Amino acid sequence: MSKIKCKCGHDNPFGTVLCEKCGRPMTEEAKNSEVVDMRYEGSARRSQTYKRSIIDKIWNFFSSVKIGVSIIIAVLATSAIGTLFPQKFYVPVNQESPAELLAYYERLYGFVGTLYYKLGFYDMYNSWWFKILIGMLGTSIIIASVDRVIPLYKSLKKQRTKRHPSFMKRQRIYGAGPSENADESLAKAEEKLKEMKYNVKTENGAILAEKNRFSRWGPYINHTGLILFLFGILLRGIPGFYVDQTMWIREGELRSIPGAPGYYLENKDFNMELYSKEEADEVFGKAIDRVGSIVKSYQTEVSLYKTKEDSLPGSTDLEHVKDYPIIVNKPLKFDGYNIFQMDYRQDELKAMTMELIEKKTGKSFGEFTIDLDDPKGIYELNDGARVDLIGYYADYDGVENGEPVSKSPIPNNPAFIFNMITPEKPQGEKSFVAIRQTLETQENAYKVKFVRADTRDISGLTIRKDKTLYVLLLGGLIFMIGVIQGSYWNHRRIWIQKGEGEELLVAAHTNKNWFSLKKELDAVKDVASLPKYEDRQDNESSTEEEKGEK
Amino acid sequence: MGLASLSANLLLVSFIAYLVATLFFGGAVKGAKSEASYRNHRWGNVAITITIIGFITHLGYFITRWIASGHAPVSNMFEFTTAFGMMLVGSFILLFFLYRTPSLGLFALPIAIIIIGYASMFPREITPLIPALQSYWLTIHVITAALGESILAISAVAGLIYLVKNIDMTNPSKQRFWIEAVMFTLVLVLGFVLSSTTFKLTGYEAKFTYIDKNETLAKIEYNYPPLFGMHEYEAQTPEAMTPWAEMPAIVNAKTLTTFVWSIATGTVLYLLLRLIFRKPIAALFQPFVKKANSQLMDEIGYRSVLIGFPVFTLGALIFAMIWAHEAWSRFWGWDPKEVWALITWLFYAAFLHLRLSKGWEGKKSAWLAVIGFVIIMFNLIAVNLIIAGLHSYA
């Protein structure tokens, strides 16, 4: 590629707007402008220079801030649409059934809901177009940053202290005027600028005072953090990096932990506690009166077990690891896994206690208890009586084709068929017993009467392992460092140099916060009696000053 | 006097202090002859002193309530919004000492007053924390997020001043319409405060039962005359008015009723103001912004986004993700509140890029700042009250 040679003798890369060394405008456009565009120091950016091949075109597309902002706005708009109605995963129906999902949106939101479903907005954040948008955003961040940071770095490194007057003249803050003693002014300015923590360089009657150049790298550092964050999310696709499982575990149950092979969990007790009126006292009393009860805690007491190291595969020889109360905000942590308290169901039936009695006399043959998870066939009672359980329907849902049916294996509505064997009726009498219901094929002399039920709670837990968290956290940290560096400091430069004769030229530039730059420049101006300068973007204060002088 | 009632009184004192300080800022802006005297005006000094006193009592409210309840008072709508108002005043004080512009106070304080007034319409009693909120992250996440939002809000205040000053109010234009729309919205919030207070003082109550969207029976109590009834409602208070219309299950008719009452009251209020002054509200404010330097307002607007953006990112996204991972087992779950925090963040990211690279300064930048504030308020109000999600605590 051909180089452009500046009058100062420096070879600039093709596409340069302002000479890297002395700042002379290199293009016609820059020569004709009154205030030159100082973004990226007028350096040669690839995207502004090469526009021919396909690669150039793709590069130029993604390096454009206009495109970048458009992608941001597109992500913003799609995200917003996704909050209009609840997303799929917050809908309380079978997630696998499109028909049920559609019916849900249709029932609650009518035509718009159907449309929302049909357009795929109900699962916005997993849709292919949303993923493509995020991918484009990542690409744009990388390309736009690389396109700018390299030339910016080069030209800030190569900048010369003494600039060409044509560069000075085209700065937003510029002043020129005669000076009584230019050398003394320069010396005083240098001293003052050093006192204000500027980095001062001098060259042949010229001063370049510079401060906080590092803040220019802030945007590129925060973009690196963002890219790292997006990369961390991609990593979740790799098996073993990310586990997300749920388990329901009953009180007293010992189960293997899904997603964490070799580990077992026992639910010893689940408790839900409410704020009581007494402890609430005067402070919370009013709130509890208004709202009713307020939950204080959900807690599952668990024991964690692990298969012994030397045991054979598949054996259930367990060793105890630890006991832990899992509460919301305090997950159980082990070996990179976290187990969270997420949900609960209270008062599931666990066992039912029954009694066999003679209808006529009310005589009892004793009680028996049916374990609803594992009902036995035969229950021996007093005086030679016994009850055979010949049919068990855990979740009784009516009779179909003359047979009772169970909806599920969960004992929500247990029903039984008993055969009651007594000395008087050795053949037994059959009876169908459900909650609040007894059916007999013929008039029986005996009956099984419900005495009481034992219940237990079930705890809903979520098991997570996320090795990408550290990558995400690091990405967030780097982003914060970059964004603070770029926002809380600004890169300021002040050029002061001798012009023709005893004339002094002053120019200044900052990437942001011009107000503070002007305050600092004023301080230098007062000490070193520099010429008056003008901010060419602020028309109001200059006119106001003139009015004040009249 | 118990701590809780002391706390309430301190809040009242700060509310009054902000009102008085606004008047003094007005005096400072009107009284100053030149820009120099405007910056160091005697009234301006009094105004900022009163603002600081108000801020200290506001902080006193916050601390005493914290001690009384045992947790940072940011756990429901009233507490959060009040804290947001406090931080808005704090951010204003910070920027006032950076730039010394009384005009900023003249606009920032009334907005803080409206916000505190709005907050007081929600149940004010101290509530114990539900399990999900029992974490020190409540303090860290919510306070940082609110602080970030309040600093960002200052940019909207500066933007508003810039726009009121620079939009030609004598001829109809799109910009004139929209700036007046912003003023109208502020009046609507006043309408909400006014109507809500009126019915609260008269002790209006109407109870209903209804069928909610999960098809179960639920109870609800209105504090406004019920214009709209809930799904399959049945009145429990016979003397209350009969609703005009019944709403489907997905619409919260109580919220809708409050909304319509507020709009109606606000509109009447607005029309009255227009009748009295015979000028658009924005034009009414123009004499007060004449002395504000446009370039400086632009700079304040930009600066407050620069200061607020990192704080917002840290509080509303990073701390939020860390806590969400502890409490809900995932750092991000596309809950509406989370999504709207992301939207706010993306919006300000777009703002910064447009400003840096496309040179959007002046009016364009001021409009963006105002839109940013609208998004923040949408996240605070609409997402909590209309779009139900995990964050709907109030």
# chains A, B, ... in the order shown; residues from 1 in each chain; ligands from 1
>>> residues_around(residues="region 144-155 of chain A", least_positions_apart="5", cutoff="8 Å", atoms="only C-alpha atoms", output="list in words")
Glu20, Lys21, Tyr40, Glu41, Ser43, Ala44, Arg45, Arg46, Ser47, Phe62, Ser63, Ser64, Val65, Trp217, Tyr220 and His223 of chain A
>>> write_last_selection(atoms="N, CA and C atoms", output="PDB file, in the first residue's frame")
ATOM      1  N   GLU A  20       0.063  11.872  11.408  1.00  0.00           N
ATOM      2  CA  GLU A  20       0.243  11.281  12.729  1.00  0.00           C
ATOM      3  C   GLU A  20       1.200  12.095  13.598  1.00  0.00           C
ATOM      4  N   LYS A  21       2.162  12.743  12.924  1.00  0.00           N
ATOM      5  CA  LYS A  21       3.196  13.439  13.686  1.00  0.00           C
ATOM      6  C   LYS A  21       2.867  14.899  13.961  1.00  0.00           C
ATOM      7  N   TYR A  40     -10.494   9.480  16.936  1.00  0.00           N
ATOM      8  CA  TYR A  40      -9.436   8.543  16.545  1.00  0.00           C
ATOM      9  C   TYR A  40      -8.278   9.284  15.907  1.00  0.00           C
ATOM     10  N   GLU A  41      -8.121  10.559  16.254  1.00  0.00           N
ATOM     11  CA  GLU A  41      -6.958  11.350  15.877  1.00  0.00           C
ATOM     12  C   GLU A  41      -6.794  11.513  14.368  1.00  0.00           C
ATOM     13  N   SER A  43      -6.728   9.175  12.238  1.00  0.00           N
ATOM     14  CA  SER A  43      -5.822   8.139  11.768  1.00  0.00           C
ATOM     15  C   SER A  43      -6.499   7.301  10.685  1.00  0.00           C
ATOM     16  N   ALA A  44      -5.696   6.475  10.025  1.00  0.00           N
ATOM     17  CA  ALA A  44      -6.214   5.653   8.933  1.00  0.00           C
ATOM     18  C   ALA A  44      -6.878   4.419   9.499  1.00  0.00           C
ATOM     19  N   ARG A  45      -8.202   4.347   9.394  1.00  0.00           N
ATOM     20  CA  ARG A  45      -8.891   3.145   9.848  1.00  0.00           C
ATOM     21  C   ARG A  45      -9.169   2.261   8.658  1.00  0.00           C
ATOM     22  N   ARG A  46      -9.008   0.970   8.863  1.00  0.00           N
ATOM     23  CA  ARG A  46      -9.213   0.027   7.770  1.00  0.00           C
ATOM     24  C   ARG A  46     -10.565   0.251   7.096  1.00  0.00           C
ATOM     25  N   SER A  47     -11.599   0.430   7.935  1.00  0.00           N
ATOM     26  CA  SER A  47     -12.952   0.511   7.389  1.00  0.00           C
ATOM     27  C   SER A  47     -13.152   1.753   6.521  1.00  0.00           C
ATOM     28  N   PHE A  62     -19.655  -4.199   9.926  1.00  0.00           N
ATOM     29  CA  PHE A  62     -19.645  -4.401  11.376  1.00  0.00           C
ATOM     30  C   PHE A  62     -18.856  -3.339  12.126  1.00  0.00           C
ATOM     31  N   SER A  63     -17.973  -2.634  11.430  1.00  0.00           N
ATOM     32  CA  SER A  63     -17.188  -1.638  12.159  1.00  0.00           C
ATOM     33  C   SER A  63     -17.958  -0.335  12.306  1.00  0.00           C
ATOM     34  N   SER A  64     -19.074  -0.231  11.614  1.00  0.00           N
ATOM     35  CA  SER A  64     -19.828   1.018  11.688  1.00  0.00           C
ATOM     36  C   SER A  64     -20.564   1.131  13.013  1.00  0.00           C
ATOM     37  N   VAL A  65     -20.429   2.298  13.666  1.00  0.00           N
ATOM     38  CA  VAL A  65     -21.141   2.509  14.926  1.00  0.00           C
ATOM     39  C   VAL A  65     -22.640   2.593  14.668  1.00  0.00           C
ATOM     40  N   TRP A 217      -8.316   4.024  26.490  1.00  0.00           N
ATOM     41  CA  TRP A 217      -8.397   2.566  26.267  1.00  0.00           C
ATOM     42  C   TRP A 217      -9.617   1.965  26.957  1.00  0.00           C
ATOM     43  N   TYR A 220     -12.216   0.046  24.894  1.00  0.00           N
ATOM     44  CA  TYR A 220     -11.746  -1.218  24.307  1.00  0.00           C
ATOM     45  C   TYR A 220     -11.623  -2.280  25.384  1.00  0.00           C
ATOM     46  N   HIS A 223     -15.125  -3.456  26.153  1.00  0.00           N
ATOM     47  CA  HIS A 223     -15.588  -4.337  25.076  1.00  0.00           C
ATOM     48  C   HIS A 223     -14.977  -5.735  25.211  1.00  0.00           C
TER      49      HIS A 223
END
>>> closest_atom_pairs(of="chain A", to="chain B", cutoff="8 Å", atoms="only C-alpha atoms", output="Markdown table")
| residue | atom | partner | partner_atom | distance |
| --- | --- | --- | --- | --- |
| A:Arg39 | CA | B:Ser357 | CA | 7.7 |
| A:Val65 | CA | B:Ser357 | CA | 6.8 |
| A:Lys66 | CA | B:Lys358 | CA | 7.7 |
| A:Val69 | CA | B:Ala350 | CA | 5.5 |
| A:Ile72 | CA | B:Leu346 | CA | 6.3 |
| A:Ile73 | CA | B:Phe347 | CA | 7.4 |
| A:Leu76 | CA | B:Ile343 | CA | 5.3 |
| A:Ser79 | CA | B:Val339 | CA | 6.5 |
| A:Ala80 | CA | B:Trp340 | CA | 7.2 |
| A:Thr83 | CA | B:Pro336 | CA | 5.4 |
| A:Leu84 | CA | B:Ile387 | CA | 7.4 |
| A:Phe85 | CA | B:Ile387 | CA | 7.8 |
| A:Leu108 | CA | B:Ile250 | CA | 6.2 |
| A:Tyr109 | CA | B:Ile250 | CA | 7.3 |
| A:Tyr125 | CA | B:Trp334 | CA | 7.8 |
| A:Tyr275 | CA | B:Pro128 | CA | 7.9 |
| A:Val283 | CA | B:Ile126 | CA | 6.3 |
| A:Phe284 | CA | B:Thr127 | CA | 5.5 |
| A:Lys286 | CA | B:Glu125 | CA | 6.4 |
| A:Ala287 | CA | B:Thr127 | CA | 5.4 |
| A:Ile288 | CA | B:Thr127 | CA | 7.6 |
| A:Ile294 | CA | B:Ile130 | CA | 6.9 |
| A:Val295 | CA | B:Ile130 | CA | 5.7 |
| A:Lys296 | CA | B:Ile130 | CA | 5.7 |
| A:Ser297 | CA | B:Pro131 | CA | 5.2 |
| A:Tyr298 | CA | B:Pro131 | CA | 7.0 |
| A:Val328 | CA | B:Ala327 | CA | 5.9 |
| A:Asn329 | CA | B:Ala327 | CA | 4.3 |
| A:Lys330 | CA | B:Glu326 | CA | 6.9 |
| A:Pro331 | CA | B:Glu326 | CA | 7.0 |
| A:Asn338 | CA | B:Ser329 | CA | 7.9 |
| A:Phe340 | CA | B:Ser329 | CA | 6.2 |
| A:Met342 | CA | B:Trp328 | CA | 7.1 |
| A:Thr462 | CA | B:Ser329 | CA | 7.2 |
| A:Arg464 | CA | B:Ser329 | CA | 7.0 |
| A:Gly476 | CA | B:Ile318 | CA | 6.8 |
| A:Met480 | CA | B:Pro310 | CA | 6.8 |
| A:Val483 | CA | B:Pro310 | CA | 6.2 |
| A:Ile484 | CA | B:Pro310 | CA | 6.2 |
| A:Ser487 | CA | B:Leu306 | CA | 5.3 |
| A:Tyr488 | CA | B:Ile307 | CA | 6.8 |
| A:Asn513 | CA | B:Glu299 | CA | 6.7 |
| A:Trp514 | CA | B:Glu299 | CA | 7.7 |
| A:Phe515 | CA | B:Leu296 | CA | 7.3 |
| A:Gln537 | CA | B:Gln295 | CA | 7.8 |
| A:Asp538 | CA | B:Gln295 | CA | 5.8 |
| A:Glu540 | CA | B:Asn293 | CA | 6.8 |
| A:Ser541 | CA | B:Asn293 | CA | 7.2 |
| A:Glu544 | CA | B:Glu35 | CA | 7.9 |
| A:Gly548 | CA | B:Ser34 | CA | 7.8 |
>>> atom_distance(atom1="CA of Gly259 (chain A)", atom2="CA of Arg345 (chain A)")
22.4 Å
>>> residues_around(residues="Val321 (chain A)", least_positions_apart="3", cutoff="10 Å", atoms="only C-alpha atoms", output="list of chain:residue names")
A:Tyr263, A:Tyr264, A:Leu265, A:Ser303, A:Leu304, A:Tyr305, A:Lys306, A:Thr307, A:Leu318, A:Tyr324, A:Phe334
>>> residues_around(residues="Val75 (chain A)", least_positions_apart="3", cutoff="8 Å", atoms="only C-alpha atoms", output="compact mmCIF listing (two decimals) with all heavy atoms, in the first residue's frame")
# COMPACT_ATOMS: atom_id res chain seq x y z
N ILE A 71 -28.04 -2.53 15.94
CA ILE A 71 -28.16 -3.87 16.53
C ILE A 71 -28.59 -3.74 18.00
O ILE A 71 -29.46 -4.48 18.46
CB ILE A 71 -26.83 -4.65 16.41
CG1 ILE A 71 -26.45 -4.84 14.95
CG2 ILE A 71 -26.95 -6.01 17.09
CD1 ILE A 71 -25.06 -5.40 14.74
N ILE A 72 -27.99 -2.80 18.72
CA ILE A 72 -28.37 -2.60 20.12
C ILE A 72 -29.86 -2.31 20.21
O ILE A 72 -30.58 -2.90 21.02
CB ILE A 72 -27.56 -1.43 20.76
CG1 ILE A 72 -26.10 -1.81 20.89
CG2 ILE A 72 -28.14 -1.07 22.13
CD1 ILE A 72 -25.22 -0.72 21.47
N THR A 78 -36.57 -6.26 20.68
CA THR A 78 -37.02 -7.66 20.79
C THR A 78 -37.17 -8.04 22.26
O THR A 78 -38.14 -8.71 22.63
CB THR A 78 -36.04 -8.65 20.13
OG1 THR A 78 -34.80 -8.01 19.96
CG2 THR A 78 -36.52 -9.14 18.82
N SER A 79 -36.22 -7.62 23.09
CA SER A 79 -36.31 -7.94 24.52
C SER A 79 -37.59 -7.37 25.10
O SER A 79 -38.27 -8.02 25.90
CB SER A 79 -35.13 -7.34 25.29
OG SER A 79 -33.93 -7.81 24.77
N PHE A 130 -33.11 -14.11 17.82
CA PHE A 130 -32.52 -13.41 18.97
C PHE A 130 -31.05 -13.81 19.11
O PHE A 130 -30.19 -12.97 19.34
CB PHE A 130 -33.31 -13.73 20.24
CG PHE A 130 -32.95 -12.84 21.39
CD1 PHE A 130 -33.43 -11.54 21.46
CD2 PHE A 130 -32.12 -13.29 22.41
CE1 PHE A 130 -33.10 -10.71 22.51
CE2 PHE A 130 -31.79 -12.46 23.47
CZ PHE A 130 -32.28 -11.17 23.52
N LEU A 133 -29.03 -12.07 16.55
CA LEU A 133 -28.81 -10.66 16.93
C LEU A 133 -27.66 -10.54 17.92
O LEU A 133 -26.80 -9.67 17.80
CB LEU A 133 -30.08 -10.06 17.54
CG LEU A 133 -31.11 -9.50 16.57
CD1 LEU A 133 -32.30 -8.97 17.33
CD2 LEU A 133 -30.49 -8.40 15.73
N ILE A 134 -27.66 -11.43 18.94
CA ILE A 134 -26.59 -11.38 19.94
C ILE A 134 -25.24 -11.70 19.28
O ILE A 134 -24.23 -11.04 19.55
CB ILE A 134 -26.86 -12.39 21.08
CG1 ILE A 134 -28.18 -12.06 21.79
CG2 ILE A 134 -25.71 -12.41 22.09
CD1 ILE A 134 -28.15 -10.81 22.61
>>> residues_around(residues="Val471 (chain A)", least_positions_apart="4", cutoff="10 Å", atoms="only C-alpha atoms", output="PyMOL selection string")
chain A and resi 225+228-233+235+467+475-477
>>> write_last_selection(atoms="all heavy atoms", output="compact mmCIF listing (two decimals), in the first residue's frame")
# COMPACT_ATOMS: atom_id res chain seq x y z
N GLY A 225 -14.21 -7.15 28.00
CA GLY A 225 -14.99 -7.78 29.07
C GLY A 225 -16.31 -8.33 28.55
O GLY A 225 -16.70 -9.46 28.88
N LEU A 228 -15.73 -11.47 26.54
CA LEU A 228 -15.44 -12.58 27.44
C LEU A 228 -16.74 -13.11 28.05
O LEU A 228 -16.94 -14.32 28.17
CB LEU A 228 -14.49 -12.10 28.54
CG LEU A 228 -13.80 -13.20 29.34
CD1 LEU A 228 -12.91 -14.02 28.44
CD2 LEU A 228 -12.99 -12.60 30.47
N PHE A 229 -17.63 -12.19 28.40
CA PHE A 229 -18.92 -12.57 28.98
C PHE A 229 -19.73 -13.41 27.98
O PHE A 229 -20.25 -14.47 28.30
CB PHE A 229 -19.69 -11.31 29.37
CG PHE A 229 -20.92 -11.57 30.17
CD1 PHE A 229 -20.86 -11.60 31.56
CD2 PHE A 229 -22.14 -11.78 29.55
CE1 PHE A 229 -21.99 -11.85 32.31
CE2 PHE A 229 -23.28 -12.04 30.30
CZ PHE A 229 -23.20 -12.06 31.68
N LEU A 230 -19.81 -12.92 26.74
CA LEU A 230 -20.56 -13.65 25.71
C LEU A 230 -19.91 -15.01 25.44
O LEU A 230 -20.60 -16.01 25.25
CB LEU A 230 -20.62 -12.82 24.42
CG LEU A 230 -21.48 -11.55 24.49
CD1 LEU A 230 -21.41 -10.79 23.18
CD2 LEU A 230 -22.93 -11.89 24.82
N PHE A 231 -18.57 -15.05 25.47
CA PHE A 231 -17.85 -16.30 25.28
C PHE A 231 -18.22 -17.29 26.40
O PHE A 231 -18.46 -18.47 26.15
CB PHE A 231 -16.35 -16.01 25.28
CG PHE A 231 -15.49 -17.23 25.26
CD1 PHE A 231 -15.36 -17.99 24.10
CD2 PHE A 231 -14.79 -17.62 26.40
CE1 PHE A 231 -14.56 -19.12 24.09
CE2 PHE A 231 -14.00 -18.76 26.39
CZ PHE A 231 -13.88 -19.50 25.23
N GLY A 232 -18.29 -16.78 27.63
CA GLY A 232 -18.67 -17.62 28.77
C GLY A 232 -20.03 -18.26 28.57
O GLY A 232 -20.25 -19.42 28.90
N ILE A 233 -20.95 -17.51 27.97
CA ILE A 233 -22.29 -18.04 27.74
C ILE A 233 -22.24 -19.15 26.68
O ILE A 233 -22.91 -20.17 26.80
CB ILE A 233 -23.26 -16.91 27.36
CG1 ILE A 233 -23.47 -16.04 28.61
CG2 ILE A 233 -24.59 -17.45 26.87
CD1 ILE A 233 -24.24 -14.79 28.37
N LEU A 235 -19.79 -21.16 26.26
CA LEU A 235 -19.18 -22.33 26.88
C LEU A 235 -20.20 -23.28 27.50
O LEU A 235 -19.95 -24.46 27.65
CB LEU A 235 -18.23 -21.89 28.00
CG LEU A 235 -16.82 -21.47 27.61
CD1 LEU A 235 -16.03 -21.15 28.86
CD2 LEU A 235 -16.14 -22.56 26.82
N LYS A 467 -19.60 -24.07 35.61
CA LYS A 467 -18.17 -23.75 35.58
C LYS A 467 -17.92 -22.44 34.84
O LYS A 467 -16.83 -21.90 34.91
CB LYS A 467 -17.40 -24.87 34.88
CG LYS A 467 -17.16 -26.08 35.74
CD LYS A 467 -16.18 -27.00 35.03
CE LYS A 467 -15.99 -28.29 35.81
NZ LYS A 467 -15.33 -29.30 34.97
N GLY A 475 -15.42 -11.53 33.06
CA GLY A 475 -15.88 -10.63 32.00
C GLY A 475 -16.52 -9.38 32.59
O GLY A 475 -16.24 -8.27 32.18
N GLY A 476 -17.36 -9.60 33.61
CA GLY A 476 -18.02 -8.47 34.26
C GLY A 476 -17.02 -7.54 34.91
O GLY A 476 -17.13 -6.31 34.82
N LEU A 477 -16.02 -8.13 35.55
CA LEU A 477 -15.00 -7.34 36.24
C LEU A 477 -14.22 -6.49 35.24
O LEU A 477 -14.02 -5.29 35.43
CB LEU A 477 -14.05 -8.29 36.99
CG LEU A 477 -13.03 -7.61 37.88
CD1 LEU A 477 -13.72 -7.06 39.12
CD2 LEU A 477 -11.92 -8.58 38.27
>>> select_by_dssp(residues="region 338-478 of chain A", states="strand (DSSP E)", output="MDAnalysis selection string")
chainID A and resid 338:358 364:371 378:380 386:393 396:400 403:406 415:421 429:434 437:440 446:466
>>> write_last_selection(atoms="C-alpha atoms", output="compact mmCIF listing (two decimals), in the first residue's frame")
# COMPACT_ATOMS: atom_id res chain seq x y z
CA ASN A 338 -25.18 -25.83 44.36
CA ILE A 339 -28.52 -27.10 45.59
CA PHE A 340 -31.21 -24.46 45.96
CA GLN A 341 -34.52 -24.36 47.80
CA MET A 342 -36.96 -23.57 45.00
CA ASP A 343 -40.39 -25.00 45.67
CA TYR A 344 -42.41 -27.11 48.05
CA ARG A 345 -45.64 -29.01 48.41
CA GLN A 346 -47.13 -29.46 51.80
CA ASP A 347 -49.18 -32.19 53.35
CA GLU A 348 -48.93 -34.97 50.82
CA LEU A 349 -50.58 -38.11 52.22
CA LYS A 350 -48.02 -40.53 53.55
CA ALA A 351 -49.99 -43.16 55.42
CA MET A 352 -53.60 -43.81 56.34
CA THR A 353 -54.75 -45.51 59.48
CA MET A 354 -57.96 -47.55 59.32
CA GLU A 355 -60.05 -49.56 61.71
CA LEU A 356 -62.15 -52.67 61.13
CA ILE A 357 -65.50 -52.61 62.91
CA GLU A 358 -68.64 -54.64 63.09
CA SER A 364 -63.48 -52.80 66.78
CA PHE A 365 -60.95 -55.42 65.69
CA GLY A 366 -58.10 -52.92 65.96
CA GLU A 367 -56.36 -50.41 63.71
CA PHE A 368 -53.95 -50.88 60.86
CA THR A 369 -51.80 -48.40 58.98
CA ILE A 370 -51.30 -48.43 55.21
CA ASP A 371 -48.03 -47.01 53.96
CA ILE A 378 -52.32 -58.33 54.39
CA TYR A 379 -52.98 -56.63 57.72
CA GLU A 380 -53.48 -59.02 60.67
CA ARG A 386 -57.56 -59.63 59.01
CA VAL A 387 -57.87 -57.24 56.13
CA ASP A 388 -56.48 -58.04 52.67
CA LEU A 389 -55.74 -55.09 50.44
CA ILE A 390 -56.63 -56.37 46.99
CA GLY A 391 -56.73 -53.10 45.08
CA TYR A 392 -54.92 -49.76 45.55
CA TYR A 393 -55.48 -46.61 43.44
CA TYR A 396 -58.36 -42.32 42.17
CA ASP A 397 -60.17 -40.72 39.26
CA GLY A 398 -63.50 -42.52 38.88
CA VAL A 399 -64.40 -45.81 37.27
CA GLU A 400 -63.68 -46.69 33.68
CA GLU A 403 -62.48 -50.75 36.88
CA PRO A 404 -61.35 -47.96 39.17
CA VAL A 405 -58.52 -45.91 37.62
CA SER A 406 -55.64 -43.95 39.06
CA ALA A 415 -58.79 -45.48 47.11
CA PHE A 416 -58.69 -49.12 48.20
CA ILE A 417 -60.50 -52.41 47.69
CA PHE A 418 -60.43 -54.43 50.89
CA ASN A 419 -61.33 -58.00 51.61
CA MET A 420 -62.42 -58.14 55.28
CA ILE A 421 -61.92 -61.58 56.77
CA GLU A 429 -66.56 -59.36 52.43
CA LYS A 430 -65.37 -56.96 49.71
CA SER A 431 -65.55 -53.22 50.13
CA PHE A 432 -64.37 -50.27 48.03
CA VAL A 433 -63.12 -47.40 50.21
CA ALA A 434 -62.19 -43.96 48.96
CA GLN A 437 -67.03 -42.87 50.12
CA THR A 438 -67.65 -46.57 50.72
CA LEU A 439 -69.11 -48.87 48.08
CA GLU A 440 -70.25 -52.41 48.72
CA TYR A 446 -68.31 -55.27 58.67
CA LYS A 447 -66.66 -52.13 57.49
CA VAL A 448 -63.25 -50.44 57.32
CA LYS A 449 -63.42 -47.05 58.89
CA PHE A 450 -60.94 -44.21 58.31
CA VAL A 451 -59.19 -43.11 61.50
CA ARG A 452 -56.48 -40.67 60.54
CA ALA A 453 -53.94 -39.75 57.91
CA ASP A 454 -50.26 -38.95 58.23
CA THR A 455 -48.86 -36.36 55.92
CA ARG A 456 -45.43 -35.21 54.88
CA ASP A 457 -43.95 -32.33 52.92
CA ILE A 458 -42.10 -32.46 49.64
CA SER A 459 -39.30 -30.13 48.89
CA GLY A 460 -38.51 -28.90 45.38
CA LEU A 461 -34.80 -28.42 44.86
CA THR A 462 -32.71 -27.25 41.93
CA ILE A 463 -29.24 -28.63 41.28
CA ARG A 464 -26.80 -26.41 39.45
CA LYS A 465 -23.22 -26.63 38.45
CA ASP A 466 -21.86 -23.79 36.38
>>> select_by_dssp(residues="region 446-533 of chain A", states="helix (DSSP H, G or I)", output="NGL selection string")
:A and (469-488 or 514-528)
>>> atom_distance(atom1="CA of Ile220 (chain B)", atom2="CA of Glu100 (chain A)")
29.4 Å
>>> residues_around(residues="Ser91 (chain B)", least_positions_apart="6", cutoff="12 Å", atoms="only C-alpha atoms", output="VMD selection string")
chain B and resid 51 to 52 55 84 to 85 97 to 98 104 to 105 108 to 109 112 146 to 155 157 300 303 to 305 307 to 308
